[in-house]
Amino acid sequence: MKYVTFNQYLQRRFGCKVYKLAIDGGFTCPNRDGTCGTGGCIFCSQGGSGDFAQSRLLSVTEQIERGKQLVAAKIKSGKYIAYFQAFTNTYAPVAVLRAKYEEALRHPDIVALSIATRPDCLGEDVLALLKDINTVKPVFVELGLQTVHEDTARYIRRGYPLSVYDRAVERLHHIGINVVTHLIIGLPGETKQDMLDSVQYVCRVTDGIKLQLLHVLEGTDLATEYKNGRVKVLSLEEYTDIIKSCVALIPPTVTVHRLTGDGAKRDLLAPLWSADKKRVLNTINKALNES
């Protein structure tokens with residue numbers, strides 16, 4: 001089963017191997033500071049989904065250099081994307097955002113920025129900034145949608161309706177920004193068809209898609225739900241079957257940035273099979289190649 005991978009896209013666009021370096025810009029989230037909530041989404045770790053980023057105590061430049069050292073064995077002569085990953089990376093005064101983004105852009109080995117954020121944190125001033133920096137180096141904006149189903153969104157405490165996502169994508173495209181949409185596979189209460197509906201919906205508007213297995217991490221409210229028997233996690237076989245069906249729906253115009261993901265092993269409560277990332281990827285790729 002063929003699909004366009006992010007690596008293929010990057011090779012075509014930049015003509016070399018490009019690796020993402022996770023950056024912690026020192027931001028928080030409106031779903032944590034009381035603006036729209038205080039507990040965050042029920043699945044979100046204490047690191048704000050940036051568990052593999054460098055320390056926020058370091059400058060952006062220092063984080064880039066440390067990130068390069070960590071992946072030195074994987075990339076010998078290539079370039080990098082500065083991935084502002086932890087928490088909500090457009091949730092700060094524009095002057096602060098500009099300083100962080102421009103520091104990353106000035107690094108000679110950085111060819112693009114990837115900015116993870118929420119669709120409800122894209123005010124006019126932020127959009128103007130994104131439009132500006134996109135003329136310097138390419139910008140990807142990654143939107144954490146997770147699901148198109150409102151009942152699930154309320155359960156996971158997403159904090160905004162689907163219409164906010166729709167409007168965000170429209171506005172980002174209007175200023176020429178490449179949009180990547182995050183979806184979580186295996187959210188509590190969702191059927192396989194529910195998950196496929198989310199994929200089909202976003203593929204009509206997004207430029208890229210990230211599919212993420214639901215991880216139960218210690219210290220989250222989801223962990224409490226799981227321990228109390230209210231959450232069932234997928235088996236590797238179930239997840240692989242769903243991913244096959246998802247990929248079948250993704251058109252060649254949509255780049256597949258990820259087919260799974262891994263939580264920090266020190267915090268992973270379930271599913272434990274996901275800790276063996278090599279096995280997971282091999283299983284998925286084998287299933288897709290057989291399709």
# chains A, B, ... in the order shown; residues from 1 in each chain; ligands from 1
$ residues_around --residues "range 119-131 of chain A" --least-positions-apart "4" --cutoff "7 Å" --atoms "only C-alpha atoms" --output "VMD selection string"
chain A and resid 90 to 91 94 135 143 164 to 165 168 175
$ write_last_selection --atoms "C-alpha atoms" --output "compact mmCIF listing (two decimals), in the first residue's frame"
# COMPACT_ATOMS: atom_id res chain seq x y z
CA THR A 90 1.96 29.94 19.62
CA TYR A 91 0.70 30.71 23.12
CA VAL A 94 4.21 37.78 19.63
CA THR A 135 9.00 33.96 3.73
CA LEU A 143 -2.56 21.22 14.92
CA VAL A 164 -12.29 26.15 15.42
CA TYR A 165 -10.03 23.63 13.68
CA ALA A 168 -7.68 27.61 11.69
CA ILE A 175 -1.31 32.80 4.31
$ residues_around --residues "Leu259 in chain A" --least-positions-apart "2" --cutoff "9 Å" --atoms "only C-alpha atoms" --output "list of chain:residue names"
A:Ile209, A:Lys210, A:Leu211, A:Gln212, A:Leu213, A:Ile243, A:Val247, A:Val256, A:His257, A:Gly261, A:Leu281, A:Ile284
$ residues_around --residues "range 54-68 of chain A" --least-positions-apart "4" --cutoff "7 Å" --atoms "only C-alpha atoms" --output "compact mmCIF listing (two decimals) with N, CA, C and O atoms, in the first residue's frame"
# COMPACT_ATOMS: atom_id res chain seq x y z
N LEU A 21 14.44 18.18 15.10
CA LEU A 21 15.01 18.33 16.44
C LEU A 21 13.95 18.94 17.35
O LEU A 21 13.48 20.06 17.10
N ALA A 22 13.55 18.21 18.39
CA ALA A 22 12.49 18.68 19.29
C ALA A 22 13.01 19.79 20.20
O ALA A 22 14.03 19.64 20.87
N ILE A 23 12.27 20.90 20.23
CA ILE A 23 12.64 22.07 21.01
C ILE A 23 11.55 22.36 22.04
O ILE A 23 10.36 22.26 21.74
N ASP A 24 11.95 22.72 23.24
CA ASP A 24 11.02 23.19 24.26
C ASP A 24 11.19 24.70 24.38
O ASP A 24 12.22 25.18 24.87
N GLY A 25 10.22 25.44 23.89
CA GLY A 25 10.31 26.90 23.88
C GLY A 25 9.96 27.56 25.20
O GLY A 25 9.99 28.79 25.30
N GLY A 26 9.60 26.75 26.20
CA GLY A 26 9.27 27.32 27.50
C GLY A 26 7.85 27.83 27.61
O GLY A 26 7.53 28.64 28.49
N ALA A 72 23.53 12.41 15.72
CA ALA A 72 24.72 12.44 14.86
C ALA A 72 24.94 11.12 14.14
O ALA A 72 25.40 11.10 12.99
N LYS A 100 11.99 33.58 19.66
CA LYS A 100 12.29 32.14 19.67
C LYS A 100 12.42 31.61 18.24
O LYS A 100 13.38 30.88 17.91
N GLU A 103 15.52 32.97 16.36
CA GLU A 103 16.77 32.37 16.81
C GLU A 103 16.98 31.02 16.12
O GLU A 103 18.10 30.70 15.68
N ALA A 104 15.91 30.24 15.99
CA ALA A 104 16.02 28.96 15.29
C ALA A 104 16.32 29.18 13.81
O ALA A 104 17.16 28.48 13.23
$ residues_around --residues "range 248-252 of chain A" --least-positions-apart "6" --cutoff "7 Å" --atoms "only C-alpha atoms" --output "list in words"
Tyr3, Val4, Gln200 and Cys203 of chain A
$ write_last_selection --atoms "C-alpha atoms" --output "PDB file, in the first residue's frame"
ATOM      1  CA  TYR A   3       1.585   6.539   0.560  1.00  0.00           C
ATOM      2  CA  VAL A   4       3.780   9.638   0.673  1.00  0.00           C
ATOM      3  CA  GLN A 200     -11.330  11.009   6.084  1.00  0.00           C
ATOM      4  CA  CYS A 203      -7.667  14.531   4.645  1.00  0.00           C
TER       5      CYS A 203
END
$ residues_around --residues "Ser114 in chain A" --least-positions-apart "3" --cutoff "10 Å" --atoms "only C-alpha atoms" --output "PyMOL selection string"
chain A and resi 20-23+81-85+89+101+117+138-142+178-180
$ select_by_dssp --residues "range 164-245 of chain A" --states "helix (DSSP H, G or I)" --output "PyMOL selection string"
chain A and resi 164-174+192-203+221-227+236-245
$ closest_residue --among "A:Arg157, A:Arg167, A:Arg279, A:Arg204" --to "Asp221 in chain A" --atoms "only C-alpha atoms"
A:Arg157
$ closest_residue --among "A:Asp276, A:Glu170, A:His182, A:Asn228" --to "Gly144 in chain A" --atoms "only C-alpha atoms"
A:His182
